[in-house]
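I have placed the structure first, in the form of structure tokens, so that the comments after it can refer back to it.
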Amino acid sequence: IAEINGVYLGVEPEFANVVSSAAHAKKLIDTLDGERIQVIFDAANLFEQAVSLEEQHRVISEAVAQLGPHIAIAHAKDRAADGSFAVAGRGVLDYPWYIG
């Protein structure tokens with residue numbers, strides 16, 4: 001339907017969504033030969049609670065490697081150490097590294 005109508009579908013990998021990870025988003029794109037599927041990327045959606053900087057960098061780097069060509073928009077929020085969402089730059093996400 002998206003192809004017929006010339007629109008793109010935005011998918012945001014997030015634990016609460018059906019597409020709950022970067023790997024699931026990539027599988028969806030590959031399975032549907034998804035030229036019309038684009039990713040809305042938010043690094044804070046890739047982990048549920050605070051993780052080490054090394055783990056955070058690894059998870060985000062792997063997600064970007066998998067989804068890079070399909071990322072249409074990157075937006076950002078943050079996570080508090082307990083896993084709740086926080087205002088961008090006020091949580092545990094390594095923003096200088098992420099933006100870089």
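By convention in this document, the chains of the structure tokens carry letters A, B, ... by their order, each chain's residues are numbered from 1, and ligands are numbered from 1 in the order they are shown.
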
(request) For stretch 74-89 of chain A, list every protein, DNA or RNA residue within 7 Å, evaluated using only C-alpha atoms, and leave out those in the same chain fewer than 2 positions away; present the list as an MDAnalysis selection string. (result) chainID A and resid 40:44 48:50 72 91:93 95

Output the selection as a CSV table (one decimal), in the first residue's frame - all heavy atoms for each residue.
```csv
chain,number,residue,atom,x,y,z
A,40,ILE,N,12.9,5.6,12.4
A,40,ILE,CA,13.0,6.7,13.3
A,40,ILE,C,13.9,6.3,14.5
A,40,ILE,O,13.6,5.4,15.2
A,40,ILE,CB,11.6,7.1,13.9
A,40,ILE,CG1,10.7,7.5,12.7
A,40,ILE,CG2,11.7,8.3,14.8
A,40,ILE,CD1,9.3,7.5,13.0
A,41,PHE,N,15.1,6.8,14.6
A,41,PHE,CA,16.1,6.3,15.5
A,41,PHE,C,16.2,7.1,16.7
A,41,PHE,O,16.4,8.4,16.7
A,41,PHE,CB,17.5,6.3,14.7
A,41,PHE,CG,18.6,5.6,15.4
A,41,PHE,CD1,18.7,4.2,15.3
A,41,PHE,CD2,19.5,6.2,16.3
A,41,PHE,CE1,19.7,3.5,15.9
A,41,PHE,CE2,20.5,5.5,16.9
A,41,PHE,CZ,20.6,4.2,16.7
A,42,ASP,N,16.2,6.5,17.9
A,42,ASP,CA,16.3,7.1,19.2
A,42,ASP,C,17.2,6.2,20.0
A,42,ASP,O,16.7,5.1,20.4
A,42,ASP,CB,15.0,7.4,19.8
A,42,ASP,CG,15.1,8.2,21.1
A,42,ASP,OD1,16.2,8.2,21.7
A,42,ASP,OD2,14.1,8.8,21.5
A,43,ALA,N,18.4,6.6,20.3
A,43,ALA,CA,19.3,5.7,21.0
A,43,ALA,C,18.8,5.3,22.4
A,43,ALA,O,19.1,4.2,22.9
A,43,ALA,CB,20.7,6.4,21.2
A,44,ALA,N,18.0,6.2,23.0
A,44,ALA,CA,17.5,5.9,24.4
A,44,ALA,C,16.5,4.7,24.4
A,44,ALA,O,16.2,4.1,25.4
A,44,ALA,CB,16.9,7.1,25.0
A,48,GLU,N,17.0,-0.6,28.3
A,48,GLU,CA,15.9,-0.3,29.2
A,48,GLU,C,16.4,0.4,30.5
A,48,GLU,O,15.7,1.1,31.1
A,48,GLU,CB,15.2,-1.6,29.6
A,48,GLU,CG,14.4,-2.1,28.4
A,48,GLU,CD,13.5,-3.3,28.9
A,48,GLU,OE1,14.1,-4.4,28.8
A,48,GLU,OE2,12.4,-3.1,29.2
A,49,GLN,N,17.6,0.0,30.9
A,49,GLN,CA,18.2,0.6,32.1
A,49,GLN,C,19.6,1.1,31.8
A,49,GLN,O,20.2,0.7,30.8
A,49,GLN,CB,18.1,-0.3,33.3
A,49,GLN,CG,16.7,-0.6,33.7
A,49,GLN,CD,16.6,-1.5,35.0
A,49,GLN,OE1,17.5,-2.3,35.2
A,49,GLN,NE2,15.6,-1.3,35.7
A,50,ALA,N,20.2,1.8,32.8
A,50,ALA,CA,21.5,2.3,32.6
A,50,ALA,C,22.5,1.1,32.4
A,50,ALA,O,22.3,0.1,33.0
A,50,ALA,CB,22.0,3.1,33.8
A,72,ALA,N,15.8,7.6,8.7
A,72,ALA,CA,15.3,8.8,8.1
A,72,ALA,C,15.4,10.0,9.0
A,72,ALA,O,15.7,11.1,8.6
A,72,ALA,CB,13.9,8.6,7.6
A,91,GLY,N,20.2,12.5,31.5
A,91,GLY,CA,20.2,11.1,31.9
A,91,GLY,C,21.6,10.5,31.7
A,91,GLY,O,22.6,11.1,31.8
A,92,VAL,N,21.6,9.2,31.4
A,92,VAL,CA,22.8,8.4,31.3
A,92,VAL,C,23.3,8.3,29.9
A,92,VAL,O,24.4,7.8,29.7
A,92,VAL,CB,22.6,7.0,31.9
A,92,VAL,CG1,22.2,7.1,33.4
A,92,VAL,CG2,21.5,6.2,31.2
A,93,LEU,N,22.6,8.7,28.9
A,93,LEU,CA,23.0,8.6,27.5
A,93,LEU,C,24.2,9.5,27.3
A,93,LEU,O,24.2,10.6,27.6
A,93,LEU,CB,21.9,9.0,26.5
A,93,LEU,CG,22.2,8.8,25.0
A,93,LEU,CD1,22.4,7.3,24.7
A,93,LEU,CD2,21.0,9.3,24.2
A,95,TYR,N,25.7,11.7,25.4
A,95,TYR,CA,25.3,12.6,24.3
A,95,TYR,C,26.5,13.0,23.4
A,95,TYR,O,26.4,13.0,22.2
A,95,TYR,CB,24.5,13.8,24.7
A,95,TYR,CG,23.0,13.5,24.6
A,95,TYR,CD1,22.3,12.9,25.6
A,95,TYR,CD2,22.4,13.7,23.4
A,95,TYR,CE1,21.0,12.6,25.5
A,95,TYR,CE2,21.1,13.4,23.2
A,95,TYR,CZ,20.4,12.8,24.3
A,95,TYR,OH,19.1,12.5,24.1
```

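For A:Leu53, the list of residues within 10 Å, based on only C-alpha atoms and with local chain neighbours fewer than 4 positions off taken out, reads His57, Arg58, Val59, Val92, Leu93, Asp94 and Trp97 of chain A.
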
Output all heavy atoms of each residue in that selection to a file, as a tab-separated table (two decimals), in the first residue's frame.
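What landed in part-v8.tsv:
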```
chain	number	residue	atom	x	y	z
A	57	HIS	N	27.78	2.17	23.98
A	57	HIS	CA	28.43	2.45	22.69
A	57	HIS	C	28.29	1.25	21.76
A	57	HIS	O	28.01	1.43	20.56
A	57	HIS	CB	29.90	2.79	22.89
A	57	HIS	CG	30.12	4.07	23.62
A	57	HIS	ND1	31.38	4.53	23.93
A	57	HIS	CD2	29.26	5.01	24.12
A	57	HIS	CE1	31.28	5.69	24.58
A	57	HIS	NE2	30.00	5.99	24.71
A	58	ARG	N	28.45	0.04	22.28
A	58	ARG	CA	28.34	-1.16	21.46
A	58	ARG	C	26.93	-1.31	20.90
A	58	ARG	O	26.75	-1.52	19.69
A	58	ARG	CB	28.72	-2.41	22.26
A	58	ARG	CG	28.69	-3.70	21.43
A	58	ARG	CD	28.81	-4.95	22.29
A	58	ARG	NE	27.68	-5.14	23.18
A	58	ARG	CZ	26.46	-5.56	22.79
A	58	ARG	NH1	26.21	-5.81	21.52
A	58	ARG	NH2	25.48	-5.71	23.68
A	59	VAL	N	25.93	-1.17	21.75
A	59	VAL	CA	24.53	-1.34	21.33
A	59	VAL	C	24.15	-0.29	20.28
A	59	VAL	O	23.56	-0.62	19.25
A	59	VAL	CB	23.58	-1.27	22.56
A	59	VAL	CG1	22.13	-1.14	22.13
A	59	VAL	CG2	23.77	-2.49	23.44
A	92	VAL	N	21.57	9.21	31.38
A	92	VAL	CA	22.79	8.42	31.28
A	92	VAL	C	23.32	8.28	29.85
A	92	VAL	O	24.43	7.78	29.66
A	92	VAL	CB	22.58	7.01	31.89
A	92	VAL	CG1	22.24	7.12	33.37
A	92	VAL	CG2	21.51	6.22	31.15
A	93	LEU	N	22.56	8.70	28.85
A	93	LEU	CA	23.02	8.57	27.47
A	93	LEU	C	24.24	9.46	27.26
A	93	LEU	O	24.25	10.62	27.65
A	93	LEU	CB	21.90	8.97	26.50
A	93	LEU	CG	22.18	8.77	25.02
A	93	LEU	CD1	22.40	7.30	24.69
A	93	LEU	CD2	21.04	9.32	24.18
A	94	ASP	N	25.25	8.89	26.65
A	94	ASP	CA	26.49	9.62	26.38
A	94	ASP	C	26.29	10.50	25.15
A	94	ASP	O	26.63	10.14	24.02
A	94	ASP	CB	27.63	8.61	26.15
A	94	ASP	CG	28.98	9.26	25.95
A	94	ASP	OD1	29.07	10.50	25.90
A	94	ASP	OD2	29.97	8.50	25.84
A	97	TRP	N	29.23	11.52	22.65
A	97	TRP	CA	29.59	10.38	21.80
A	97	TRP	C	28.49	10.11	20.78
A	97	TRP	O	28.78	9.90	19.59
A	97	TRP	CB	29.83	9.14	22.67
A	97	TRP	CG	30.21	7.95	21.86
A	97	TRP	CD1	31.45	7.61	21.43
A	97	TRP	CD2	29.32	6.96	21.34
A	97	TRP	NE1	31.38	6.46	20.68
A	97	TRP	CE2	30.09	6.04	20.61
A	97	TRP	CE3	27.94	6.75	21.43
A	97	TRP	CZ2	29.54	4.95	19.97
A	97	TRP	CZ3	27.40	5.66	20.78
A	97	TRP	CH2	28.19	4.77	20.06
```

(request) Between atom CA of A:Pro69 and atom CA of A:Thr31, measure the distance and give it in Å to one decimal. (result)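 Separation between atom CA of A:Pro69 and atom CA of A:Thr31: 15.9 Å.
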
(message) Excluding A:Ser20 and its own-chain neighbours fewer than 5 positions away, which residues fall within 10 Å of it when counting only C-alpha atoms? Please give them as a list in words.
(response)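 The neighbour list is Val11, Glu12, Pro13, Glu14, Phe15, Ala25, Asn45 and Leu46 of chain A.
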
(request) Please provide the set of residues having any atom within 12 Å of A:Asp33, restricted to only C-alpha atoms, with same-chain residues fewer than 6 positions apart removed, written as number ranges by chain. (result) A: 3, 25-27, 70

Can I get the selected residues back with C-alpha atoms, as a PDB file, in the first residue's frame?
```pdb
ATOM      1  CA  GLU A   3       4.505   1.733  -2.527  1.00  0.00           C
ATOM      2  CA  ALA A  25      13.587  -3.487  12.464  1.00  0.00           C
ATOM      3  CA  LYS A  26      16.259  -4.866  10.142  1.00  0.00           C
ATOM      4  CA  LYS A  27      14.406  -8.190   9.900  1.00  0.00           C
ATOM      5  CA  HIS A  70      17.290   3.135   6.535  1.00  0.00           C
TER       6      HIS A  70
END
```

(request) Have a look at A:Ile37, A:Ala65, A:Val51, A:Leu9 and name the one nearest to A:Ala22; count only C-alpha atoms. (result)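 Of the candidates, the smallest distance to A:Ala22 is held by A:Ala65.
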
(request) Apply DSSP to the backbone of this structure and, from chain A, keep only the residues in helix (DSSP H, G or I); write these as an MDAnalysis selection string. (result) chainID A and resid 2:5 22:31 43:46 53:70 95:99

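For chain A, backbone-based DSSP labels the following residues as strand (DSSP E or B): Leu9, Gly10, Val11, Ile37, Gln38, Val39, Ile40, Phe41, Ile71, Ala72, Ile73, Ala74, Asp78, Arg79, Phe85 and Ala86 of chain A.
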
(message) One decimal, in Å: what's the spacing between atom CA of A:His24 and atom CA of A:Gly100?
(response)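 Here the two named atoms are 25.0 Å from each other.
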
(request) Measuring atom to atom with only C-alpha atoms, identify which of A:Gly6, A:Ser61, A:Ala23, A:Val18 is nearest to A:Glu35. (result)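 Going through A:Gly6, A:Ser61, A:Ala23, A:Val18 one by one, the smallest distance to A:Glu35 is for A:Gly6.
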
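Compared by their closest atoms to A:Arg36, and using only C-alpha atoms, the residues A:Ala16, A:Glu55, A:Tyr8, A:Gln66 rank with A:Tyr8 nearest.
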